[in-house]
Amino acid sequence: MKTYRIAAIAGDGIGREVTPAAVSVLDAAAAPAGVRFEWQPFPWGSQHYLEHGRMMPENALDLLRPFDAILFGAVGDPRIQDNVTLNGLLLPIRRGFDQYACVRPAILYPGVRGPLAGRNGGDIDFVVIRENTEGEYAQIGGAAHRDGPHEVAIQTAVFTRHGTERVIRFAFDLARRRNRKRLLTSVTKSNAQGFSMTFWDRVFAEVAREYPDIRTESLLVDAACMDLVRRPVDFDVIVASNLFGDILTDLSAAVTGSLGLAPSANLNPERKFPSLFEPVHGSAPDIVGKGIANPLATMLAGAMMLEFLGEANAAANVDRAVRGVLSDGSAVTPDLGGAGTTRGVTEAVLSRL
Ligand SMILES: NC(=O)c1ccc[n+]([C@@H]2O[C@H](COP(=O)([O-])OP(=O)(O)OC[C@H]3O[C@@H](n4cnc5c(N)ncnc54)[C@H](O)[C@@H]3O)[C@@H](O)[C@H]2O)c1
């Protein structure tokens, strides 16, 4: 049996509820495909911060480096500023392991009633590729004269040729591999951001010349928001900067039914470092402890992990079971209009494996 060592960071809030649910499903889906996991839980997150003053130990990346992959729940706690929790846990892992391609599929599954009239299960199926290591989240800037009338805050976005080119190339390759509409949409704001975004446009046009078989379009981010609602069926692969990709993927999760269904892979495509798989959603303090968090996004993130590890059969097992539960509809959680619980959904998925 092929064995993979996976670091499991459940993190905060509902991350602690959906991660164990996904672990049980991944174990069950992997076994018939001749795969097993050795899970190593890491109790990092806001509780760790309150006890030790850090979200994770100083040598956390050294501890994580030997693993085949990382399964992540969520981060965020109302008692601590969000920039402290995010910058103390998730962002250092994404940057430190050069997980530059954040892959976020948006699928309206059969059985799921999305918020858009006239869109049925199977209609919407696209992927957003978000640049994950630089751009607007580069953490470069400063502040001065705090709380005074002359207070100033400067946050700099960083776009390098290396970083921009590789994520755009990754997106073109994906459009080719998917072999659906063979369309790549680049999202910028070049009318207002005349340095960084026109640079992105130029690199996009250059790389596009290497992919004559892929059609391209460029949208301003405001128009893209409108079009994701107005004509989501037209998209295939979308590539965007760190900030725009972040925003667009909450929107794409909403038009495909629920944040509770949206998975995400933070990939180091060269496999020099472990990649990280997580739901798009956060720690959802408003529902934590109620037992109603939808675990399907984390399970689907686990399926993306299996796919990336080269275990397509095990990944397909998860996908099939999740689709079965969604099209049946009787077990789903309140975010999908049901009365189900995290445990009930997990049992329903397990029973199909
Ligand atoms: N990757 C991450 O870990 C991540 C992502 C986004 C936000 N956050 C953090 O999470 C905290 C809460 O942020 P937020 O409320 O803006 O975003 P959120 O994603 O936690 O929640 C947004 C809304 O969606 C619902 N929701 C989210 N996941 C769900 C699920 N699996 N099942 C059912 N409903 C679900 C929540 O109940 C809430 O109403 C903040 O501290 C924020 O910084 C973390």
# chains A, B, ... in the order shown; residues from 1 in each chain; ligands from 1
call {"tool": "residues_near_ligand", "arguments": {"ligand": "ligand 1", "cutoff": "6 Å", "atoms": "only C-alpha atoms and all ligand atoms", "output": "list in words"}}
result
Ala74, Val75, Gly76, Asp77, Asp82, Leu259, Gly260, Val280, His281, Gly282, Ser283, Ala284, Pro285, Asp286, Ile287, Ala293, Asn294, Pro295 and Asp335 of chain A
call {"tool": "write_last_selection", "arguments": {"atoms": "N, CA, C and O atoms", "output": "PDB file, in the first residue's frame"}}
result
ATOM      1  N   ALA A  74      -8.843  26.130   9.066  1.00  0.00           N
ATOM      2  CA  ALA A  74      -9.107  27.571   8.927  1.00  0.00           C
ATOM      3  C   ALA A  74      -8.357  28.312  10.021  1.00  0.00           C
ATOM      4  O   ALA A  74      -7.936  27.721  11.013  1.00  0.00           O
ATOM      5  N   VAL A  75      -8.216  29.612   9.817  1.00  0.00           N
ATOM      6  CA  VAL A  75      -7.562  30.437  10.821  1.00  0.00           C
ATOM      7  C   VAL A  75      -8.406  31.693  11.049  1.00  0.00           C
ATOM      8  O   VAL A  75      -9.047  32.185  10.119  1.00  0.00           O
ATOM      9  N   GLY A  76      -8.411  32.175  12.285  1.00  0.00           N
ATOM     10  CA  GLY A  76      -9.164  33.387  12.606  1.00  0.00           C
ATOM     11  C   GLY A  76      -9.906  33.224  13.905  1.00  0.00           C
ATOM     12  O   GLY A  76     -10.569  32.206  14.124  1.00  0.00           O
ATOM     13  N   ASP A  77      -9.742  34.237  14.787  1.00  0.00           N
ATOM     14  CA  ASP A  77     -10.368  34.172  16.102  1.00  0.00           C
ATOM     15  C   ASP A  77     -10.760  35.593  16.483  1.00  0.00           C
ATOM     16  O   ASP A  77      -9.926  36.491  16.400  1.00  0.00           O
ATOM     17  N   ASP A  82      -7.186  39.928  12.850  1.00  0.00           N
ATOM     18  CA  ASP A  82      -7.068  38.995  11.724  1.00  0.00           C
ATOM     19  C   ASP A  82      -5.702  39.031  11.048  1.00  0.00           C
ATOM     20  O   ASP A  82      -5.206  38.015  10.582  1.00  0.00           O
ATOM     21  N   LEU A 259     -19.954  28.880   0.364  1.00  0.00           N
ATOM     22  CA  LEU A 259     -18.536  28.816   0.740  1.00  0.00           C
ATOM     23  C   LEU A 259     -18.204  27.441   1.312  1.00  0.00           C
ATOM     24  O   LEU A 259     -17.078  26.980   1.202  1.00  0.00           O
ATOM     25  N   GLY A 260     -19.193  26.807   1.885  1.00  0.00           N
ATOM     26  CA  GLY A 260     -18.992  25.494   2.491  1.00  0.00           C
ATOM     27  C   GLY A 260     -18.737  24.383   1.495  1.00  0.00           C
ATOM     28  O   GLY A 260     -18.517  23.224   1.858  1.00  0.00           O
ATOM     29  N   VAL A 280     -11.928  27.158   1.077  1.00  0.00           N
ATOM     30  CA  VAL A 280     -11.792  28.610   0.860  1.00  0.00           C
ATOM     31  C   VAL A 280     -12.255  29.380   2.097  1.00  0.00           C
ATOM     32  O   VAL A 280     -11.713  30.430   2.431  1.00  0.00           O
ATOM     33  N   HIS A 281     -13.220  28.814   2.808  1.00  0.00           N
ATOM     34  CA  HIS A 281     -13.825  29.574   3.909  1.00  0.00           C
ATOM     35  C   HIS A 281     -12.888  29.759   5.090  1.00  0.00           C
ATOM     36  O   HIS A 281     -11.836  29.118   5.192  1.00  0.00           O
ATOM     37  N   GLY A 282     -13.307  30.646   6.000  1.00  0.00           N
ATOM     38  CA  GLY A 282     -12.538  30.906   7.207  1.00  0.00           C
ATOM     39  C   GLY A 282     -13.080  30.131   8.393  1.00  0.00           C
ATOM     40  O   GLY A 282     -13.717  29.076   8.228  1.00  0.00           O
ATOM     41  N   SER A 283     -12.848  30.691   9.593  1.00  0.00           N
ATOM     42  CA  SER A 283     -13.147  29.947  10.820  1.00  0.00           C
ATOM     43  C   SER A 283     -14.612  30.072  11.243  1.00  0.00           C
ATOM     44  O   SER A 283     -15.027  29.435  12.205  1.00  0.00           O
ATOM     45  N   ALA A 284     -15.388  30.908  10.535  1.00  0.00           N
ATOM     46  CA  ALA A 284     -16.837  31.041  10.742  1.00  0.00           C
ATOM     47  C   ALA A 284     -17.239  31.098  12.220  1.00  0.00           C
ATOM     48  O   ALA A 284     -17.973  30.233  12.707  1.00  0.00           O
ATOM     49  N   PRO A 285     -16.802  32.136  12.947  1.00  0.00           N
ATOM     50  CA  PRO A 285     -17.142  32.210  14.387  1.00  0.00           C
ATOM     51  C   PRO A 285     -18.646  32.232  14.643  1.00  0.00           C
ATOM     52  O   PRO A 285     -19.084  31.844  15.724  1.00  0.00           O
ATOM     53  N   ASP A 286     -19.423  32.654  13.642  1.00  0.00           N
ATOM     54  CA  ASP A 286     -20.876  32.734  13.868  1.00  0.00           C
ATOM     55  C   ASP A 286     -21.540  31.370  13.997  1.00  0.00           C
ATOM     56  O   ASP A 286     -22.636  31.269  14.536  1.00  0.00           O
ATOM     57  N   ILE A 287     -20.897  30.317  13.517  1.00  0.00           N
ATOM     58  CA  ILE A 287     -21.544  28.995  13.628  1.00  0.00           C
ATOM     59  C   ILE A 287     -20.676  27.977  14.389  1.00  0.00           C
ATOM     60  O   ILE A 287     -21.050  26.814  14.498  1.00  0.00           O
ATOM     61  N   ALA A 293     -21.328  23.147  10.564  1.00  0.00           N
ATOM     62  CA  ALA A 293     -20.381  23.563   9.515  1.00  0.00           C
ATOM     63  C   ALA A 293     -20.377  22.526   8.397  1.00  0.00           C
ATOM     64  O   ALA A 293     -20.329  21.312   8.660  1.00  0.00           O
ATOM     65  N   ASN A 294     -20.416  23.003   7.193  1.00  0.00           N
ATOM     66  CA  ASN A 294     -20.398  22.101   6.043  1.00  0.00           C
ATOM     67  C   ASN A 294     -18.958  21.580   5.833  1.00  0.00           C
ATOM     68  O   ASN A 294     -18.054  22.365   5.560  1.00  0.00           O
ATOM     69  N   PRO A 295     -18.745  20.277   5.947  1.00  0.00           N
ATOM     70  CA  PRO A 295     -17.385  19.751   5.820  1.00  0.00           C
ATOM     71  C   PRO A 295     -16.990  19.434   4.372  1.00  0.00           C
ATOM     72  O   PRO A 295     -15.879  18.990   4.117  1.00  0.00           O
ATOM     73  N   ASP A 335     -26.275  25.844   5.261  1.00  0.00           N
ATOM     74  CA  ASP A 335     -25.765  26.760   4.229  1.00  0.00           C
ATOM     75  C   ASP A 335     -26.240  26.341   2.841  1.00  0.00           C
ATOM     76  O   ASP A 335     -26.277  27.164   1.922  1.00  0.00           O
TER      77      ASP A 335
END
call {"tool": "residues_around", "arguments": {"residues": "region 138-146 of chain A", "least_positions_apart": "2", "cutoff": "10 Å", "atoms": "only C-alpha atoms", "output": "ChimeraX atom specification"}}
result
/A:87,91,95,132-136,148-159,242
call {"tool": "closest_residue", "arguments": {"among": "A:Gly245, A:Gly88, A:Gly73, A:Pro43", "to": "Leu296 (chain A)", "atoms": "only C-alpha atoms"}}
result
A:Gly73
call {"tool": "residues_around", "arguments": {"residues": "Asp98 (chain A)", "least_positions_apart": "4", "cutoff": "8 Å", "atoms": "only C-alpha atoms", "output": "number ranges by chain"}}
result
A: 94, 133, 267-268, 273
call {"tool": "write_last_selection", "arguments": {"atoms": "N, CA and C atoms", "output": "PDB file, in the first residue's frame"}}
result
ATOM      1  N   ARG A  94       2.294  29.583   2.936  1.00  0.00           N
ATOM      2  CA  ARG A  94       2.137  29.758   1.489  1.00  0.00           C
ATOM      3  C   ARG A  94       3.403  30.351   0.872  1.00  0.00           C
ATOM      4  N   THR A 133       1.853  34.436  -3.773  1.00  0.00           N
ATOM      5  CA  THR A 133       3.069  34.714  -2.987  1.00  0.00           C
ATOM      6  C   THR A 133       3.486  36.179  -2.983  1.00  0.00           C
ATOM      7  N   LEU A 267      -0.505  25.389  -4.363  1.00  0.00           N
ATOM      8  CA  LEU A 267       0.451  24.438  -4.936  1.00  0.00           C
ATOM      9  C   LEU A 267       1.839  25.022  -5.123  1.00  0.00           C
ATOM     10  N   ASN A 268       2.827  24.205  -4.791  1.00  0.00           N
ATOM     11  CA  ASN A 268       4.182  24.427  -5.280  1.00  0.00           C
ATOM     12  C   ASN A 268       4.337  23.424  -6.429  1.00  0.00           C
ATOM     13  N   PHE A 273       8.542  21.744  -2.274  1.00  0.00           N
ATOM     14  CA  PHE A 273       8.019  21.864  -0.916  1.00  0.00           C
ATOM     15  C   PHE A 273       6.624  21.235  -0.882  1.00  0.00           C
TER      16      PHE A 273
END
call {"tool": "residues_around", "arguments": {"residues": "Ala171 (chain A)", "least_positions_apart": "3", "cutoff": "12 Å", "atoms": "only C-alpha atoms", "output": "JSON, numbers by chain"}}
result
{"A": [100, 101, 102, 103, 104, 126, 127, 128, 129, 130, 131, 164, 165, 166, 167, 168, 174, 175, 176, 177, 178, 182, 183, 184, 185, 186, 204, 207, 208, 211, 214, 216, 236, 237, 238, 239, 240, 269]}
call {"tool": "write_last_selection", "arguments": {"atoms": "N, CA, C and O atoms", "output": "short mmCIF file (atom, residue, chain, number, x, y, z; two decimals), in the first residue's frame"}}
result
data_model
loop_
_atom_site.label_atom_id
_atom_site.label_comp_id
_atom_site.auth_asym_id
_atom_site.auth_seq_id
_atom_site.Cartn_x
_atom_site.Cartn_y
_atom_site.Cartn_z
N TYR A 100 2.86 29.07 -5.09
CA TYR A 100 2.50 30.27 -5.84
C TYR A 100 1.21 30.15 -6.64
O TYR A 100 0.64 31.15 -7.06
N ALA A 101 0.76 28.92 -6.85
CA ALA A 101 -0.48 28.76 -7.62
C ALA A 101 -1.60 28.33 -6.69
O ALA A 101 -1.60 27.21 -6.17
N CYS A 102 -2.53 29.22 -6.46
CA CYS A 102 -3.69 28.87 -5.64
C CYS A 102 -4.84 28.51 -6.59
O CYS A 102 -5.29 29.35 -7.38
N VAL A 103 -5.26 27.27 -6.53
CA VAL A 103 -6.24 26.74 -7.50
C VAL A 103 -7.59 26.61 -6.81
O VAL A 103 -7.70 25.90 -5.80
N ARG A 104 -8.60 27.31 -7.33
CA ARG A 104 -9.91 27.30 -6.68
C ARG A 104 -11.02 26.99 -7.68
O ARG A 104 -11.49 27.86 -8.40
N PHE A 126 -15.81 26.35 -13.57
CA PHE A 126 -14.57 27.04 -13.93
C PHE A 126 -13.59 26.99 -12.77
O PHE A 126 -13.93 26.52 -11.67
N VAL A 127 -12.35 27.43 -13.02
CA VAL A 127 -11.33 27.41 -11.98
C VAL A 127 -10.66 28.78 -11.93
O VAL A 127 -10.33 29.34 -12.98
N VAL A 128 -10.49 29.29 -10.73
CA VAL A 128 -9.73 30.54 -10.58
C VAL A 128 -8.32 30.20 -10.09
O VAL A 128 -8.16 29.46 -9.12
N ILE A 129 -7.33 30.74 -10.79
CA ILE A 129 -5.93 30.61 -10.34
C ILE A 129 -5.53 31.96 -9.77
O ILE A 129 -5.52 32.97 -10.48
N ARG A 130 -5.20 31.92 -8.50
CA ARG A 130 -4.84 33.15 -7.79
C ARG A 130 -3.34 33.12 -7.52
O ARG A 130 -2.83 32.13 -6.98
N GLU A 131 -2.64 34.21 -7.86
CA GLU A 131 -1.22 34.31 -7.52
C GLU A 131 -1.14 34.38 -6.00
O GLU A 131 -1.89 35.10 -5.36
N THR A 164 4.90 36.71 -11.84
CA THR A 164 3.74 36.91 -12.71
C THR A 164 3.73 35.88 -13.84
O THR A 164 2.70 35.24 -14.12
N GLU A 165 4.90 35.72 -14.43
CA GLU A 165 5.00 34.82 -15.59
C GLU A 165 4.66 33.38 -15.20
O GLU A 165 3.92 32.69 -15.90
N ARG A 166 5.17 32.94 -14.05
CA ARG A 166 4.98 31.52 -13.73
C ARG A 166 3.53 31.20 -13.39
O ARG A 166 3.04 30.12 -13.72
N VAL A 167 2.82 32.14 -12.76
CA VAL A 167 1.43 31.82 -12.43
C VAL A 167 0.55 31.89 -13.68
O VAL A 167 -0.39 31.09 -13.85
N ILE A 168 0.89 32.79 -14.58
CA ILE A 168 0.13 32.87 -15.84
C ILE A 168 0.39 31.61 -16.67
O ILE A 168 -0.55 31.02 -17.23
N LEU A 174 -3.11 24.75 -17.31
CA LEU A 174 -4.33 24.15 -16.77
C LEU A 174 -5.47 24.22 -17.80
O LEU A 174 -6.22 23.25 -17.97
N ALA A 175 -5.57 25.35 -18.50
CA ALA A 175 -6.63 25.48 -19.52
C ALA A 175 -6.42 24.41 -20.60
O ALA A 175 -7.39 23.83 -21.12
N ARG A 176 -5.18 24.11 -20.89
CA ARG A 176 -4.87 23.08 -21.88
C ARG A 176 -5.22 21.70 -21.33
O ARG A 176 -5.87 20.89 -21.99
N ARG A 177 -4.84 21.43 -20.07
CA ARG A 177 -5.10 20.11 -19.45
C ARG A 177 -6.59 19.87 -19.28
O ARG A 177 -7.07 18.76 -19.49
N ARG A 178 -7.33 20.90 -18.89
CA ARG A 178 -8.78 20.73 -18.72
C ARG A 178 -9.45 20.41 -20.04
O ARG A 178 -10.42 19.67 -20.09
N ARG A 182 -11.06 25.77 -23.44
CA ARG A 182 -9.72 26.24 -23.82
C ARG A 182 -9.68 27.77 -23.86
O ARG A 182 -9.23 28.37 -24.84
N LEU A 183 -10.16 28.34 -22.73
CA LEU A 183 -10.24 29.80 -22.62
C LEU A 183 -9.58 30.23 -21.31
O LEU A 183 -9.89 29.68 -20.25
N LEU A 184 -8.67 31.20 -21.39
CA LEU A 184 -8.08 31.76 -20.17
C LEU A 184 -8.44 33.24 -20.08
O LEU A 184 -8.17 34.01 -21.00
N THR A 185 -9.04 33.61 -18.94
CA THR A 185 -9.43 35.00 -18.69
C THR A 185 -8.46 35.61 -17.68
O THR A 185 -8.29 35.06 -16.59
N SER A 186 -7.85 36.71 -18.04
CA SER A 186 -6.96 37.42 -17.12
C SER A 186 -7.72 38.59 -16.51
O SER A 186 -8.38 39.34 -17.23
N PHE A 204 1.05 38.73 -19.67
CA PHE A 204 -0.02 37.82 -20.12
C PHE A 204 0.02 37.68 -21.64
O PHE A 204 -0.05 36.56 -22.18
N VAL A 207 3.14 35.57 -22.71
CA VAL A 207 3.01 34.13 -22.46
C VAL A 207 1.96 33.52 -23.39
O VAL A 207 2.11 32.39 -23.87
N ALA A 208 0.91 34.31 -23.68
CA ALA A 208 -0.17 33.81 -24.55
C ALA A 208 0.37 33.36 -25.91
O ALA A 208 -0.18 32.43 -26.51
N TYR A 211 0.89 29.78 -26.35
CA TYR A 211 -0.29 28.90 -26.27
C TYR A 211 -1.32 29.30 -27.33
O TYR A 211 -2.43 29.75 -26.99
N ILE A 214 -5.03 28.23 -27.00
CA ILE A 214 -5.89 28.69 -25.91
C ILE A 214 -6.37 30.11 -26.23
O ILE A 214 -5.57 31.01 -26.46
N THR A 216 -7.91 33.76 -25.31
CA THR A 216 -7.69 34.60 -24.13
C THR A 216 -8.69 35.76 -24.11
O THR A 216 -9.19 36.18 -25.15
N ASP A 236 -13.82 29.44 -18.10
CA ASP A 236 -13.12 28.15 -18.06
C ASP A 236 -12.01 28.23 -17.01
O ASP A 236 -12.12 27.66 -15.93
N VAL A 237 -10.95 28.99 -17.30
CA VAL A 237 -9.90 29.24 -16.31
C VAL A 237 -9.72 30.75 -16.21
O VAL A 237 -9.73 31.46 -17.23
N ILE A 238 -9.60 31.22 -14.97
CA ILE A 238 -9.40 32.66 -14.71
C ILE A 238 -8.08 32.79 -13.96
O ILE A 238 -7.81 32.00 -13.05
N VAL A 239 -7.25 33.77 -14.32
CA VAL A 239 -6.02 34.00 -13.57
C VAL A 239 -6.02 35.44 -13.07
O VAL A 239 -6.41 36.36 -13.80
N ALA A 240 -5.63 35.61 -11.80
CA ALA A 240 -5.70 36.94 -11.19
C ALA A 240 -4.65 37.08 -10.11
O ALA A 240 -4.10 36.09 -9.62
N PRO A 269 4.06 23.86 -7.65
CA PRO A 269 3.95 22.91 -8.77
C PRO A 269 5.25 22.13 -9.01
O PRO A 269 5.21 21.02 -9.52
#
